[in-house]
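> Got a structure here, written out as structure tokens. Questions coming.
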Amino acid sequence: MTDTLIEVENLEVAFEIGRKGLFSGKRRQLRAVDGVSFDIRRGETVGLVGESGSGKTTVGRAILRAIEPTGGRVLYHGAAGDLDLTHADRAELSKVRGKLQMVFREGGLDLASLGGTALRAFRPRMSLVFQDPYSSLNPRMTVRDIIAEPLVAAGLMRDRAEIDARVRDIAARCKLNLEHLRRFPHAFSGGQRQRICIARALVARPDFVVCDESVSALDVSIQAEIINLLKDLQDEMGVSFLFIAHDLSVVAQISHRVAVMYVGKFVEYAPTRELFFRPRHPYTHALLSAVPLADPDAVFAPDRLEGEIPNPADAPPGCRFHTRCPFATDRCSAEEPRWREIAPGHHVACHHAETFDFGRAEAPADLHIPEPAQ
Amino acid sequence: MGRLLEVENLTVSFRTDEGLITPVQGVSFGVDAGRTLGIVGESGSGKSVSTKAVMRLLPVSARIGDQSCIAFTDRDGARIDVHALRPGARALRRLRGGEIGMIFQEPMASFSPVYTIGNQIMETIRLHKGLRGAAARDLAVEMLTKVGISNPAARVDQYPHELSGGMRQRAMIALALSAGPRLLIADEPTTALDVTIQAQVLDLMAGLQRDLGMAMIFITHDLGVIAQVADEVAVMYLGTIVEQGPVRQLLKTPAHPYTQGLIAAIPRLDRIDNRLTPVPGEIPSPSARPSGCPFRSRCAQAILGVCDRTPPPLTRLGGGQSVRCHLHDRARAVA
């Protein structure tokens, strides 16, 4: 059994957005995800950051077939053998049911509406943790029934006592009060509801959970607790997370490796510490420099980026960042940069990555960089 | 001459189906010309309600307490008692938009979708500056230029949905500033924006404030933003200001356990891999505010028999910092 759990190769998701001309048969395409490759190891958290419209949510959903990918493949190295998720049929998917879970963002999205038959079959192994814990819980179900739903829907367990035991176990791990299992979701605060969502995502003991903006709607004092909880649950259960968020500071705390997305493509993928302290892509650096620190002594000098994020339906040629990049050259607008490994485990797509070392020169003098835990 | 805005002992209550709730209880703050007051707080802390009270923008079910005083010094130097103004009074209409501008978190919700951007900016200009026709339009275009909108002469005729999020927030700022207000209240103006756009908007606001010399009240939950924009900070928790002071001092030496907890809880880019320190417990709902100190149900240092009995008095710590906490109450320490 390899260390790699999910392998994403050249993943593509395109949407058709109307015709090019009135009489033209050609349709305009919006490539929300345009050739993304990366892997996720067992027990690892991969952070995925990017601004709105970068396609990060689409990547998470396409891996789990909540959106049908239009190209590339996703390999899932499960305990029962390898499976190509992008080409698997319903019967094959049903075998891995419960192993892949998602924790989603928008509340209104019902699991059942996620996709056709194929998805329905294996959704219990996928978990979704929604951003808004208020609208993603059915107000007419008790907390116990909400948490048990993935088990029941997939028919993984039928015996009521067995289901109860499993629900109580996961609820306790998520530090929910077991007395509350008979209550309805309206009685709970935001932090508690998010715990319920996490318990529901983990009840079927998945291998892989996509967390899409799962802590964004929470207040900071509560958010820290949920981040710690996710870390603890990962240590206990060995689950892998794809943690999608726009908040870089949150991603930095929870992820082992982080990928940065810009207009449908990855621009950089590296171990967390590498990425945050030695970014090699100008866009990564611009993102980091734009985060205001809660330290009155920290210098706040965001990179000046021209203009706004391009529309993915009308992505610039060459490097997609060249229209806003302060370092862009003629080559950048003509030739698309290759996705390459610039240092062990550090991937980047920039023609000039070697000449950029945004590293510690700019870091504050008292920058605290703890050594990696062994 | 007093401060531009002086709010004393503001209490706001709402009649609801569950009875009377009081989301803001005895809050005092103020701001001087050219300065920025940051108000930080989590959801339900009453930060938006207290600033809306300043503009008298609260719903009819709201009641501002009799002991409350909201005083604003207008451009003629006259002191206006905002609380005493009749709803719909001419002075109140002059105040809103004219003397005090406001921008909100979601510009899409504050612009009318059926009028062009220019139309809505010109309405403000017409009402508060008395300009009409081409003159109003020219000023609208000038405002759009000032906030860094490219091709303003064309943008002025576009509808809000035709602009991107960052552009819309810029247009909102242009609208709020078009009447030349002396105080700008910004309620989470950058929360819905991406970080690179947020940085642009913060930079823009700081520049405009410098040029126009206006005062600003900046409401946010993001301590990072506060550290960059504010001169003074007020930290709110469950309807009271628990701590207040100059931004540097407050972030360096927070005195209230809640402020300390909040600063420890935020994930930081310069402190990776440290386990986060959450503030224990949940924020109580405003209808179930704990007796005595509102924070005592989550405070590790709460003193039994003190914090649950009496609301902590205001203690001045020097350097302009003040705190409401029994741990700092010298009178109690002596007794």
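Lettering and numbering for the structure tokens are positional, with chains as A, B, ... in the shown order, residues counted from 1 in each chain, and ligands counted from 1 in the shown order.
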Using only C-alpha atoms and a distance of at most 6 Å, pull out the residues of chain A that contact chain B, as a list in words.
Glu51, Asp219, Ser221, Ala224, Glu225, Ser249, Val250, Gln253, Ala290, Pro292, Leu293, Ala294, Pro296 and His368 of chain A
> Mind checking DSSP for region 221-331 of chain A and telling me the strand (DSSP E) residues as a PyMOL selection string?
chain A and resi 240-244+257-262+265-271
> Within 12 Å of Asp145 (chain A), counting only C-alpha atoms, which residues show up once you throw out same-chain ones fewer than 5 positions away? Write them as a list in words, please.
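After dropping sequence-adjacent residues, the list is Leu137, Asn138, Pro139, Arg140, Pro150, Leu151, Val152, Ala153, Arg160, Ile163, Asp164, Arg166, Val167, Arg168, Ala171, His180, Leu181, Arg182, Arg183, Phe184, Pro185, Ile196, Cys197, Ala199, Arg200 and Val203 of chain A.
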> Which is closer to His285 (chain A) than all the others in A:Ile226, A:Phe356, A:Phe243, A:Ala217, using only C-alpha atoms?
A:Phe356
> Can you list, as a list in words, every protein, DNA or RNA residue that comes within 10 Å of Ile217 (chain B) when you count only C-alpha atoms, leaving out same-chain residues fewer than 2 positions away?
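Skipping anything fewer than 2 positions along the chain leaves Gly30, Val31, Arg35, Thr36, Leu37, Gly38, Ile39, Thr51, Met102, Leu183, Leu184, Ile185, Ala186, Asp187, Ala215, Ile219, Thr220, Ala230, Glu232 and Val233 of chain B.
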> Could the residues in this selection be written to a file with N, CA and C atoms, as an mmCIF file, in the first residue's frame?

data_model
loop_
_atom_site.group_PDB
_atom_site.id
_atom_site.type_symbol
_atom_site.label_atom_id
_atom_site.label_comp_id
_atom_site.auth_asym_id
_atom_site.auth_seq_id
_atom_site.Cartn_x
_atom_site.Cartn_y
_atom_site.Cartn_z
ATOM 1 N N GLY B 30 -16.060 57.759 21.078
ATOM 2 C CA GLY B 30 -16.046 59.023 20.354
ATOM 3 C C GLY B 30 -14.927 59.007 19.340
ATOM 4 N N VAL B 31 -14.929 59.987 18.448
ATOM 5 C CA VAL B 31 -13.861 60.048 17.453
ATOM 6 C C VAL B 31 -13.600 61.511 17.098
ATOM 7 N N ARG B 35 -9.200 61.158 12.597
ATOM 8 C CA ARG B 35 -8.757 59.948 13.298
ATOM 9 C C ARG B 35 -9.656 58.766 12.929
ATOM 10 N N THR B 36 -9.172 57.563 13.238
ATOM 11 C CA THR B 36 -9.964 56.367 12.970
ATOM 12 C C THR B 36 -10.163 55.570 14.249
ATOM 13 N N LEU B 37 -11.434 55.327 14.553
ATOM 14 C CA LEU B 37 -11.763 54.447 15.667
ATOM 15 C C LEU B 37 -12.117 53.088 15.095
ATOM 16 N N GLY B 38 -11.461 52.057 15.556
ATOM 17 C CA GLY B 38 -11.806 50.706 15.131
ATOM 18 C C GLY B 38 -12.687 50.066 16.190
ATOM 19 N N ILE B 39 -13.756 49.428 15.760
ATOM 20 C CA ILE B 39 -14.582 48.678 16.712
ATOM 21 C C ILE B 39 -14.484 47.206 16.338
ATOM 22 N N THR B 51 -23.396 51.616 15.956
ATOM 23 C CA THR B 51 -23.104 52.653 14.961
ATOM 24 C C THR B 51 -24.348 53.026 14.159
ATOM 25 N N MET B 102 -21.849 56.366 5.201
ATOM 26 C CA MET B 102 -21.764 55.005 5.711
ATOM 27 C C MET B 102 -21.532 54.036 4.563
ATOM 28 N N LEU B 183 -17.552 62.442 8.789
ATOM 29 C CA LEU B 183 -17.349 61.163 9.480
ATOM 30 C C LEU B 183 -17.802 60.052 8.545
ATOM 31 N N LEU B 184 -16.968 59.043 8.394
ATOM 32 C CA LEU B 184 -17.346 57.898 7.571
ATOM 33 C C LEU B 184 -17.450 56.685 8.484
ATOM 34 N N ILE B 185 -18.622 56.053 8.465
ATOM 35 C CA ILE B 185 -18.785 54.815 9.233
ATOM 36 C C ILE B 185 -18.693 53.653 8.255
ATOM 37 N N ALA B 186 -17.715 52.788 8.440
ATOM 38 C CA ALA B 186 -17.506 51.669 7.529
ATOM 39 C C ALA B 186 -17.771 50.376 8.291
ATOM 40 N N ASP B 187 -18.842 49.686 7.926
ATOM 41 C CA ASP B 187 -19.242 48.474 8.626
ATOM 42 C C ASP B 187 -18.746 47.253 7.854
ATOM 43 N N ALA B 215 -13.043 61.924 9.778
ATOM 44 C CA ALA B 215 -12.926 60.903 10.810
ATOM 45 C C ALA B 215 -13.553 59.613 10.308
ATOM 46 N N ILE B 219 -15.645 49.274 11.522
ATOM 47 C CA ILE B 219 -16.131 48.107 12.256
ATOM 48 C C ILE B 219 -15.616 46.849 11.577
ATOM 49 N N THR B 220 -15.011 45.955 12.326
ATOM 50 C CA THR B 220 -14.527 44.718 11.727
ATOM 51 C C THR B 220 -14.360 43.657 12.797
ATOM 52 N N ALA B 230 -6.577 51.499 12.262
ATOM 53 C CA ALA B 230 -7.147 52.273 13.365
ATOM 54 C C ALA B 230 -6.098 53.038 14.158
ATOM 55 N N GLU B 232 -7.412 54.284 17.343
ATOM 56 C CA GLU B 232 -7.955 53.834 18.615
ATOM 57 C C GLU B 232 -8.787 52.587 18.360
ATOM 58 N N VAL B 233 -8.899 51.734 19.359
ATOM 59 C CA VAL B 233 -9.719 50.534 19.221
ATOM 60 C C VAL B 233 -10.676 50.423 20.394
#
> Using only C-alpha atoms, pick whichever of B:Gly207, B:Pro23, B:Pro189, B:Pro311 has the shortest atom-to-atom distance to Val147 (chain B).
B:Gly207
> Residues at most 9 Å from Arg257 (chain A), counting only C-alpha atoms, excluding those fewer than 6 positions away in the same chain, as an mmCIF file with N, CA and C atoms, in the first residue's frame?

data_model
loop_
_atom_site.group_PDB
_atom_site.id
_atom_site.type_symbol
_atom_site.label_atom_id
_atom_site.label_comp_id
_atom_site.auth_asym_id
_atom_site.auth_seq_id
_atom_site.Cartn_x
_atom_site.Cartn_y
_atom_site.Cartn_z
ATOM 1 N N ILE A 40 -2.439 13.724 -2.686
ATOM 2 C CA ILE A 40 -2.706 13.885 -1.262
ATOM 3 C C ILE A 40 -2.339 12.577 -0.572
ATOM 4 N N GLU A 44 -2.879 13.284 5.626
ATOM 5 C CA GLU A 44 -2.317 14.599 5.337
ATOM 6 C C GLU A 44 -3.432 15.623 5.090
ATOM 7 N N THR A 45 -3.154 16.886 5.414
ATOM 8 C CA THR A 45 -4.059 17.961 5.044
ATOM 9 C C THR A 45 -3.393 18.794 3.962
ATOM 10 N N VAL A 46 -4.081 18.885 2.827
ATOM 11 C CA VAL A 46 -3.602 19.754 1.764
ATOM 12 C C VAL A 46 -4.494 20.975 1.739
ATOM 13 N N GLY A 47 -3.898 22.146 1.854
ATOM 14 C CA GLY A 47 -4.654 23.391 1.807
ATOM 15 C C GLY A 47 -4.750 23.868 0.370
ATOM 16 N N LEU A 48 -5.893 24.441 0.020
ATOM 17 C CA LEU A 48 -6.062 24.968 -1.321
ATOM 18 C C LEU A 48 -6.567 26.409 -1.193
ATOM 19 N N TYR A 269 2.741 24.847 -5.443
ATOM 20 C CA TYR A 269 2.332 23.794 -4.516
ATOM 21 C C TYR A 269 3.574 23.380 -3.749
ATOM 22 N N ALA A 270 3.547 23.533 -2.424
ATOM 23 C CA ALA A 270 4.756 23.270 -1.650
ATOM 24 C C ALA A 270 4.378 22.962 -0.206
ATOM 25 N N PRO A 271 5.326 22.370 0.545
ATOM 26 C CA PRO A 271 5.090 22.206 1.973
ATOM 27 C C PRO A 271 4.779 23.570 2.596
ATOM 28 N N THR A 272 3.875 23.569 3.593
ATOM 29 C CA THR A 272 3.355 24.819 4.156
ATOM 30 C C THR A 272 4.434 25.838 4.480
ATOM 31 N N ARG A 273 5.442 25.391 5.221
ATOM 32 C CA ARG A 273 6.488 26.307 5.665
ATOM 33 C C ARG A 273 7.232 26.915 4.470
ATOM 34 N N GLU A 274 7.553 26.056 3.514
ATOM 35 C CA GLU A 274 8.212 26.518 2.287
ATOM 36 C C GLU A 274 7.387 27.598 1.607
ATOM 37 N N LEU A 275 6.092 27.288 1.444
ATOM 38 C CA LEU A 275 5.235 28.173 0.682
ATOM 39 C C LEU A 275 5.060 29.518 1.363
#
> Using only C-alpha atoms, which residues sit within 7 Å of region 29-35 of chain A once same-chain residues fewer than 5 positions away are excluded, as number ranges by chain?
A: 10-17, 55, 58-59, 264-265, 312-313
> Quote the spacing between CA of Ala78 (chain B) and CA of Arg210 (chain B) in Å to one decimal place.
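Distance reported for this atom pair: 24.1 Å.
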> Report as a PyMOL selection string all protein, DNA and RNA residues lying within 9 Å of Thr284 (chain A), evaluated on only C-alpha atoms, omitting residues in the same chain fewer than 5 positions from it.
chain A and resi 260+267-268+275-276+279+289
